[in-house]
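Chemist: I'd like to ask you about the structure that follows.
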Amino acid sequence: MTTLAGSAGVLADDAAYAAAVETAVAAAGAYYATGESALDDDAYDRLVRAVAAYEAAHPDRVLPDSPSGKVAGGAAVGDVPHTVAMLSLDNVFSPEEFITWTASVERRTGRPVAGWSVEPKLDGLAMAARYRDGRLVQLVTRGDGSAGEDVSHAIGAIRGLPESLAEPVTLEVRGEVLMTTEQFEQANAVRVAHGGAPFVNPRNGAAGSLRAKDRAYTVEMTFFCYGALPLPATSQELAAQLRESTHTEILARAAALGVHTAADTAVPPRTAATAQEALERVAEIAGLRAELPFGIDGVVIKADSAADQRDAGSGSRAPRWAIAFKLPAVEKVTTLLAVEWNVGRTGIIAPRAVLEPVRIDGSTVTYATLHNPADITRRDLRVGDRVMVYKAGDIIPRVEAPVAHLRTGAEQPIAFPDVCPQCGSEIDTSEQRWRCVRGRACHVVASISYAVGRDQLDIEGLGATRVVQLVDAGLAADVADLFTLTREHLLSLERMGETSTDNLLAAIGAAKDRPLSRVLAALGVRGTGRSISRRLARHFATMAELCSADAEAIQRVDGIGAEKARVIVDELAELGPLIAKLTAAGVNMTEPGATPPAIDGAQAEPAGDGGPLTGRTVVVTGAMTGSLEKLSRNQMNELIERAGGKASSGVSKRTTLVVAGEGAGSKRAKAEDLGVPLMTPEEFAGLVAEYVDGE
Ligand code: IVH
């Protein structure tokens, strides 16, 4: 698909350019191979002219397989011939198309396919890596498929392609070179620091970096192997092995030699016995996409056995035994209209991108996170920029980078605030995240509203409007003031009747008895959330114990590192007066069932020991039903911990139980994948029945 903007043949952006290059390369390849091209001569010429014009304007974005300046569009002659053509893949977009395709494969082979390998379609560039006697000697791009460009200068910059293998074998491994999200961020930081324009997305980053030879800096990329084949100098034995092995065996062999495959990712290649099973795996991989630290644009399904592959055969462009199930695009280009600076409850001043609304992955995106001022500088963003925005699943949309070559000159630098946008005080810029010097006193309404929320002190009837009233009337300057409010105070507020007053006073009274974990959460200690608050409360048992702990003691709590421990100590010191005020107002400062650590710092008795979940790490996902229906996620996690378990939000090898409710998606899939036991909410409720109302 080519996205030429109008008949002028102007390519709008890198994506259009990449699509044009791909179309041109395929057209040229087909023309020179068989004399048949999908494009007529005129259309082909216009396409190549548009590509060339784009490259003249953006010489640093030229893709390695661009047809420009190459004899026959690079189709007939390349620098380095491939011993076996590097083919592309045909696409399907729906389960129906996929099933039709599998039937066509089986028609060709004349028998059911012995098994399907299902793996991520990595969003990068195809690469052939040649090893001689175990040493990496040459890197070749796909080029036109029959010959590619030598990019051996990139040896050493690509993780996953070791310079020497575990055995002194001669073979070619093939796979995809890409930038992980982290490598992309790193690459852009380095580029901008060297005065260059940031790459728009990881794929372009990899393409541009592979081509670059004489840069003052290097950026790292990652290789994912998806195939291996013999070279002319390969031993007969290994050649025969590679020809007869299943795809799964080949990947395992490559991994054993030290080459990186997707096996160690959250979406490892898996085999499926039937087409239906393959589709289930496609859905699982699609569900995990948003959490992956690298980009995928589809799922590749391959006939696993060598015999099936041979009998299905290959066309000139793509094999007939493999297909790409394409996933919807998760990246779009839109305009950065403005940057807002919002002050949070702890006084953190966070920038947020206001975007021209754009549909991505099924929803309309209007805002995206910009993290902190340094992040804006690192990305070299300007108001009015066309920006690449990424959003997948439930993740918060993020701005990847400006599309710098689309700049008109009218873009404006992003203005950083000089004073706190909430209260006008000075800003503490000593950390990456800027903060109002008044800290939590700056945005009292936000911090009180947060403190009384359902997962903190849970004071019903105290919505944001009431909090504003209380603050404006001078009745509350912090959360502790709520506990000394009188009937008269409340009745003096507008729209506050007798009944509401009594109800609110009762709710405030009840909040005095919340466990320490809730009080800690309500304080909004920076560096902690609900889960860390619970762990701190269980570990230290009382506020006094916690407040007298030093960073070293705090680090003994699971999941708290040195940096976080330091922040917590500082925060607790800052919060000292507020804690004292809460204590004086009669707010509970202990965690029921927990015992303080012994003098030597070791936990005396693990809290909750003896409960049915002792020693288990539990993840809850999907909607709860039955007796658990009304519990928030935080309350579920509290329940798990009361029953002796450890609550966690992500499924990993360490997870020992997943409670999967209605609508559970990727976490359930991952649990199944890892063989983690699953329970329905009802089964789980049975297991922990005696703890359900145990607050
Ligand atoms: S197999 C003969 N497997 O997608 C089989 N390709 O759109 C050829 N790609 O050119 C490729 N992930 O660069 C295969 N797991 C995967 C892949 C993959 C990404 C790329 C590859 C190919 C392109 C086709």
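As shown in the structure tokens, the chain order sets the letters A, B, ...; within each chain, residues go from 1, and ligands are also counted from 1 in the order they appear.
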Kindly work out which residues sit at most 6 Å from ligand 1, using only C-alpha atoms and all ligand atoms, and give the list as a list in words.
Modeler: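 Here is the list of contacting residues: Leu87, Ser88, Leu89, Glu119, Pro120, Lys121, Leu122, Asp123, Leu125, Ala126, Glu176, Tyr226, Val300 and Pro319 of chain A.
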Chemist: In stretch 281-347 of chain A, what's strand (DSSP E or B) per DSSP? Answer as JSON, numbers by chain?
Modeler: {"A": [296, 297, 298, 299, 300, 301, 302, 303, 314, 319, 322, 323, 324, 325, 326, 331, 332, 333, 334, 335, 336, 337, 338, 339, 340, 341, 342, 343]}
Chemist: Can I get the selection written as a JSON list (two decimals), in the first residue's frame, with C-alpha atoms?
Modeler:
```json
[["chain", "number", "residue", "atom", "x", "y", "z"],
["A", 296, "ILE", "CA", 5.59, -5.94, 16.86],
["A", 297, "ASP", "CA", 3.31, -5.31, 13.92],
["A", 298, "GLY", "CA", 1.77, -8.73, 13.64],
["A", 299, "VAL", "CA", 2.12, -12.42, 14.33],
["A", 300, "VAL", "CA", 3.88, -14.81, 11.95],
["A", 301, "ILE", "CA", 2.47, -18.31, 11.54],
["A", 302, "LYS", "CA", 4.66, -20.90, 9.85],
["A", 303, "ALA", "CA", 4.26, -24.56, 8.97],
["A", 314, "SER", "CA", 7.48, -20.58, -2.20],
["A", 319, "PRO", "CA", 6.82, -18.42, 1.02],
["A", 322, "ALA", "CA", 4.18, -18.80, 6.25],
["A", 323, "ILE", "CA", 1.88, -15.82, 6.71],
["A", 324, "ALA", "CA", 1.82, -12.55, 8.64],
["A", 325, "PHE", "CA", -1.33, -11.92, 10.67],
["A", 326, "LYS", "CA", -1.20, -8.14, 10.78],
["A", 331, "GLU", "CA", 1.28, 4.63, 16.07],
["A", 332, "LYS", "CA", -0.09, 7.72, 14.43],
["A", 333, "VAL", "CA", 1.22, 11.10, 13.52],
["A", 334, "THR", "CA", -0.70, 14.05, 14.93],
["A", 335, "THR", "CA", 0.00, 17.63, 16.01],
["A", 336, "LEU", "CA", 1.26, 18.75, 19.39],
["A", 337, "LEU", "CA", -1.08, 21.65, 20.12],
["A", 338, "ALA", "CA", 0.15, 22.67, 23.54],
["A", 339, "VAL", "CA", 1.80, 21.51, 26.73],
["A", 340, "GLU", "CA", -0.05, 21.75, 30.03],
["A", 341, "TRP", "CA", 1.66, 21.80, 33.40],
["A", 342, "ASN", "CA", -0.40, 20.16, 36.12],
["A", 343, "VAL", "CA", 0.43, 20.14, 39.79]]
```
Chemist: Which of these, A:Ala262, A:Val659, A:Ala329, A:Leu355, has the shortest distance to A:Ala290 once you count only C-alpha atoms?
Modeler: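 Ranking A:Ala262, A:Val659, A:Ala329, A:Leu355 by distance to A:Ala290, first place goes to A:Ala329.
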Chemist: Please provide the set of residues having any atom within 12 Å of A:Gly384, restricted to only C-alpha atoms, with same-chain residues fewer than 2 positions apart removed, written as a ChimeraX atom specification.
Modeler: /A:334-339,353-356,381-382,386-387,402-404,406-414
Chemist: Emit the selected residues as a tab-separated table (two decimals), in the first residue's frame, including N, CA and C atoms.
Modeler:
```tsv
chain	number	residue	atom	x	y	z
A	334	THR	N	0.28	12.98	14.71
A	334	THR	CA	-0.70	14.05	14.93
A	334	THR	C	0.07	15.31	15.35
A	335	THR	N	-0.68	16.37	15.70
A	335	THR	CA	0.00	17.63	16.01
A	335	THR	C	0.01	17.89	17.51
A	336	LEU	N	1.14	18.34	17.99
A	336	LEU	CA	1.26	18.75	19.39
A	336	LEU	C	0.73	20.18	19.49
A	337	LEU	N	-0.44	20.33	20.09
A	337	LEU	CA	-1.08	21.65	20.12
A	337	LEU	C	-0.55	22.51	21.25
A	338	ALA	N	-0.29	21.90	22.38
A	338	ALA	CA	0.15	22.67	23.54
A	338	ALA	C	0.71	21.72	24.58
A	339	VAL	N	1.34	22.31	25.59
A	339	VAL	CA	1.80	21.51	26.73
A	339	VAL	C	1.20	22.13	27.98
A	353	ALA	N	1.09	16.53	27.14
A	353	ALA	CA	0.91	16.98	25.76
A	353	ALA	C	-0.56	17.05	25.42
A	354	VAL	N	-0.99	18.16	24.85
A	354	VAL	CA	-2.35	18.28	24.33
A	354	VAL	C	-2.23	18.06	22.82
A	355	LEU	N	-2.94	17.06	22.32
A	355	LEU	CA	-2.78	16.66	20.92
A	355	LEU	C	-4.02	16.96	20.10
A	356	GLU	N	-3.82	17.12	18.84
A	356	GLU	CA	-4.97	17.14	17.95
A	356	GLU	C	-5.53	15.71	18.01
A	381	LEU	N	11.13	18.47	21.53
A	381	LEU	CA	9.75	18.72	21.10
A	381	LEU	C	9.47	20.21	21.03
A	382	ARG	N	8.59	20.58	20.09
A	382	ARG	CA	8.16	21.98	19.98
A	382	ARG	C	6.66	22.02	19.77
A	386	ARG	N	4.57	18.05	14.31
A	386	ARG	CA	3.89	16.79	14.02
A	386	ARG	C	4.63	15.76	14.87
A	387	VAL	N	3.89	14.98	15.63
A	387	VAL	CA	4.56	14.04	16.53
A	387	VAL	C	4.05	12.62	16.31
A	402	PRO	N	9.17	13.98	17.70
A	402	PRO	CA	8.64	14.84	16.64
A	402	PRO	C	9.05	14.26	15.28
A	403	VAL	N	8.21	14.51	14.27
A	403	VAL	CA	8.61	14.14	12.91
A	403	VAL	C	9.35	15.37	12.38
A	404	ALA	N	10.63	15.42	12.71
A	404	ALA	CA	11.37	16.68	12.55
A	404	ALA	C	11.40	17.19	11.10
A	406	LEU	N	9.13	17.27	9.02
A	406	LEU	CA	7.88	17.91	8.62
A	406	LEU	C	7.76	19.33	9.18
A	407	ARG	N	8.82	19.78	9.83
A	407	ARG	CA	8.75	21.12	10.43
A	407	ARG	C	8.64	22.20	9.37
A	408	THR	N	7.85	23.22	9.70
A	408	THR	CA	7.65	24.31	8.76
A	408	THR	C	8.45	25.53	9.17
A	409	GLY	N	8.92	25.53	10.38
A	409	GLY	CA	9.60	26.72	10.90
A	409	GLY	C	8.69	27.52	11.82
A	410	ALA	N	7.40	27.17	11.79
A	410	ALA	CA	6.45	27.92	12.63
A	410	ALA	C	6.36	27.32	14.04
A	411	GLU	N	7.03	26.21	14.27
A	411	GLU	CA	6.94	25.57	15.58
A	411	GLU	C	7.59	26.45	16.64
A	412	GLN	N	7.04	26.37	17.83
A	412	GLN	CA	7.51	27.22	18.92
A	412	GLN	C	8.13	26.38	20.01
A	413	PRO	N	9.17	26.90	20.65
A	413	PRO	CA	9.73	26.16	21.77
A	413	PRO	C	8.68	25.98	22.88
A	414	ILE	N	8.80	24.91	23.63
A	414	ILE	CA	7.87	24.67	24.72
A	414	ILE	C	8.30	25.51	25.92
```
Chemist: When you look at A:Val519 with a cut-off of 9 Å (counting only C-alpha atoms), what residues show up, excluding the ones that are within fewer than 3 positions of it in the same chain? I need them as number ranges by chain.
Modeler: A: 451, 456-457, 514-516, 522-524, 533, 587-589
Chemist: Write the residues of the preceding selection, restricted to C-alpha atoms, as a PDB file, in the first residue's frame.
Modeler:
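After the write, selection-v7.pdb holds the following:
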```pdb
ATOM      1  CA  ALA A 451      -6.351  11.079  51.006  1.00  0.00           C
ATOM      2  CA  GLN A 456      -7.076   5.434  51.178  1.00  0.00           C
ATOM      3  CA  LEU A 457      -9.159   6.681  54.126  1.00  0.00           C
ATOM      4  CA  ARG A 514      -8.405   2.443  59.123  1.00  0.00           C
ATOM      5  CA  PRO A 515      -5.294   0.255  59.199  1.00  0.00           C
ATOM      6  CA  LEU A 516      -1.868   1.866  58.994  1.00  0.00           C
ATOM      7  CA  ALA A 522      -3.504   8.616  52.334  1.00  0.00           C
ATOM      8  CA  LEU A 523      -0.336  10.525  53.165  1.00  0.00           C
ATOM      9  CA  GLY A 524       0.762  10.022  49.575  1.00  0.00           C
ATOM     10  CA  SER A 533       2.180   1.195  51.620  1.00  0.00           C
ATOM     11  CA  VAL A 587      -6.238   8.338  63.873  1.00  0.00           C
ATOM     12  CA  ASN A 588      -5.071   4.721  64.173  1.00  0.00           C
ATOM     13  CA  MET A 589      -1.385   4.241  63.425  1.00  0.00           C
TER      14      MET A 589
END
```
Chemist: Pick out the residues sitting within 7 Å of A:Val445, and hand them over as a list in words; count only C-alpha atoms, and ignore anything fewer than 4 positions along from it in its own chain.
Modeler: Ser449, Val467, Val468 and Val471 of chain A
Chemist: Once you have the residues from the selection above, write them out as a PDB file, in the first residue's frame, restricted to N, CA and C atoms.
Modeler:
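Writing done, so here's out_36.pdb:
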```
ATOM      1  N   SER A 449      -8.272  15.450  48.657  1.00  0.00           N
ATOM      2  CA  SER A 449      -9.183  14.601  47.882  1.00  0.00           C
ATOM      3  C   SER A 449      -8.597  13.209  47.701  1.00  0.00           C
ATOM      4  N   VAL A 467     -14.470  19.329  49.399  1.00  0.00           N
ATOM      5  CA  VAL A 467     -13.105  19.624  49.843  1.00  0.00           C
ATOM      6  C   VAL A 467     -12.769  21.076  49.507  1.00  0.00           C
ATOM      7  N   VAL A 468     -13.137  21.506  48.301  1.00  0.00           N
ATOM      8  CA  VAL A 468     -12.877  22.897  47.920  1.00  0.00           C
ATOM      9  C   VAL A 468     -13.558  23.836  48.916  1.00  0.00           C
ATOM     10  N   VAL A 471     -11.639  23.897  52.184  1.00  0.00           N
ATOM     11  CA  VAL A 471     -10.365  24.608  52.064  1.00  0.00           C
ATOM     12  C   VAL A 471     -10.633  26.110  51.959  1.00  0.00           C
TER      13      VAL A 471
END
```
Chemist: May I have all residues of stretch 424-624 of chain A that DSSP, computed from the backbone, assigns to helix (DSSP H, G or I), given as a ChimeraX atom specification?
Modeler: /A:439-441,444-451,464-472,479-484,487-491,498-511,516-523,530-540,543-547,551-554,562-584
Chemist: Do a neighbour search on A:Ala580 at 12 Å with only C-alpha atoms, toss out local chain neighbours closer than 2 positions, and write the hits as a ChimeraX atom specification.
Modeler: /A:479-481,543-544,547,572-578,582-589
Chemist: For the residues in that selection, give me N, CA and C atoms as a PDB file, in the first residue's frame.
Modeler:
```pdb
ATOM      1  N   VAL A 479      -5.194  17.027  55.592  1.00  0.00           N
ATOM      2  CA  VAL A 479      -6.151  15.960  55.852  1.00  0.00           C
ATOM      3  C   VAL A 479      -6.442  15.810  57.345  1.00  0.00           C
ATOM      4  N   ALA A 480      -5.470  16.142  58.190  1.00  0.00           N
ATOM      5  CA  ALA A 480      -5.674  15.965  59.632  1.00  0.00           C
ATOM      6  C   ALA A 480      -6.772  16.884  60.160  1.00  0.00           C
ATOM      7  N   ASP A 481      -6.917  18.049  59.528  1.00  0.00           N
ATOM      8  CA  ASP A 481      -7.948  18.990  59.977  1.00  0.00           C
ATOM      9  C   ASP A 481      -9.352  18.402  59.878  1.00  0.00           C
ATOM     10  N   MET A 543       3.323   3.169  62.990  1.00  0.00           N
ATOM     11  CA  MET A 543       3.889   4.364  62.369  1.00  0.00           C
ATOM     12  C   MET A 543       5.174   4.770  63.080  1.00  0.00           C
ATOM     13  N   ALA A 544       5.194   4.594  64.389  1.00  0.00           N
ATOM     14  CA  ALA A 544       6.388   4.990  65.141  1.00  0.00           C
ATOM     15  C   ALA A 544       7.598   4.178  64.689  1.00  0.00           C
ATOM     16  N   CYS A 547       8.628   5.390  61.213  1.00  0.00           N
ATOM     17  CA  CYS A 547       9.256   6.711  61.195  1.00  0.00           C
ATOM     18  C   CYS A 547      10.639   6.707  61.827  1.00  0.00           C
ATOM     19  N   LEU A 572       8.979  10.886  54.896  1.00  0.00           N
ATOM     20  CA  LEU A 572       8.403  10.709  56.233  1.00  0.00           C
ATOM     21  C   LEU A 572       8.839  11.840  57.154  1.00  0.00           C
ATOM     22  N   ALA A 573      10.070  12.308  56.952  1.00  0.00           N
ATOM     23  CA  ALA A 573      10.538  13.437  57.757  1.00  0.00           C
ATOM     24  C   ALA A 573       9.691  14.665  57.426  1.00  0.00           C
ATOM     25  N   GLU A 574       9.482  14.876  56.129  1.00  0.00           N
ATOM     26  CA  GLU A 574       8.688  16.034  55.709  1.00  0.00           C
ATOM     27  C   GLU A 574       7.256  15.935  56.245  1.00  0.00           C
ATOM     28  N   LEU A 575       6.759  14.714  56.293  1.00  0.00           N
ATOM     29  CA  LEU A 575       5.378  14.504  56.719  1.00  0.00           C
ATOM     30  C   LEU A 575       5.237  14.430  58.242  1.00  0.00           C
ATOM     31  N   GLY A 576       6.364  14.493  58.960  1.00  0.00           N
ATOM     32  CA  GLY A 576       6.349  14.344  60.418  1.00  0.00           C
ATOM     33  C   GLY A 576       5.256  15.152  61.116  1.00  0.00           C
ATOM     34  N   PRO A 577       5.202  16.477  60.864  1.00  0.00           N
ATOM     35  CA  PRO A 577       4.185  17.285  61.552  1.00  0.00           C
ATOM     36  C   PRO A 577       2.763  16.816  61.237  1.00  0.00           C
ATOM     37  N   LEU A 578       2.520  16.429  59.988  1.00  0.00           N
ATOM     38  CA  LEU A 578       1.180  15.981  59.620  1.00  0.00           C
ATOM     39  C   LEU A 578       0.844  14.659  60.323  1.00  0.00           C
ATOM     40  N   LEU A 582      -2.216  13.932  62.871  1.00  0.00           N
ATOM     41  CA  LEU A 582      -3.180  12.842  62.686  1.00  0.00           C
ATOM     42  C   LEU A 582      -3.250  11.989  63.945  1.00  0.00           C
ATOM     43  N   THR A 583      -2.074  11.707  64.509  1.00  0.00           N
ATOM     44  CA  THR A 583      -2.026  10.891  65.722  1.00  0.00           C
ATOM     45  C   THR A 583      -2.797  11.584  66.846  1.00  0.00           C
ATOM     46  N   ALA A 584      -2.525  12.888  66.973  1.00  0.00           N
ATOM     47  CA  ALA A 584      -3.198  13.655  68.027  1.00  0.00           C
ATOM     48  C   ALA A 584      -4.710  13.671  67.835  1.00  0.00           C
ATOM     49  N   ALA A 585      -5.134  13.596  66.569  1.00  0.00           N
ATOM     50  CA  ALA A 585      -6.577  13.618  66.287  1.00  0.00           C
ATOM     51  C   ALA A 585      -7.209  12.248  66.513  1.00  0.00           C
ATOM     52  N   GLY A 586      -6.401  11.269  66.897  1.00  0.00           N
ATOM     53  CA  GLY A 586      -6.946   9.954  67.226  1.00  0.00           C
ATOM     54  C   GLY A 586      -6.998   8.984  66.063  1.00  0.00           C
ATOM     55  N   VAL A 587      -6.249   9.263  65.021  1.00  0.00           N
ATOM     56  CA  VAL A 587      -6.238   8.338  63.873  1.00  0.00           C
ATOM     57  C   VAL A 587      -5.328   7.152  64.204  1.00  0.00           C
ATOM     58  N   ASN A 588      -5.822   5.945  63.902  1.00  0.00           N
ATOM     59  CA  ASN A 588      -5.071   4.721  64.173  1.00  0.00           C
ATOM     60  C   ASN A 588      -3.746   4.715  63.411  1.00  0.00           C
ATOM     61  N   MET A 589      -2.699   4.255  64.055  1.00  0.00           N
ATOM     62  CA  MET A 589      -1.385   4.241  63.425  1.00  0.00           C
ATOM     63  C   MET A 589      -0.753   2.856  63.507  1.00  0.00           C
TER      64      MET A 589
END
```
Chemist: Residues near A:Tyr390, anyone? I mean within 7 Å using only C-alpha atoms, not counting same-chain ones fewer than 3 positions away, as a list in words.
Modeler: Val330, Glu331, Lys332, Pro397, Arg398, Val399 and Glu400 of chain A
Chemist: Nearest to A:His247 among A:Ala392, A:Ala114, A:Leu165, A:Leu279, with distances taken over only C-alpha atoms: which residue is it?
Modeler: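 Looking only at the distances to A:His247, the closest residue turns out to be A:Ala114.
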Chemist: Could you work out how far atom CA of A:Glu591 lies from atom CA of A:Met679, giving the answer in Å with one decimal?
Modeler: 28.6 Å
Chemist: Could you state the separation of atom CA of A:Arg130 and atom CA of A:Glu167 in Å, given to one decimal place?
Modeler: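 Those two atoms sit 13.9 Å apart.
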Chemist: Determine the nearest neighbour of A:Arg243 from the options A:Arg46, A:Arg310, A:Arg440, A:Lys564, counting only C-alpha atoms.
Modeler: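 Ranked by minimum distance to A:Arg243, first place goes to A:Arg310.
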Chemist: Using only C-alpha atoms for the distances, tell me which of A:Leu161, A:Ala154, A:Ala255, A:Val80 is nearest to A:Ser209.
Modeler: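 Nearest candidate to A:Ser209 out of A:Leu161, A:Ala154, A:Ala255, A:Val80: A:Ala154.
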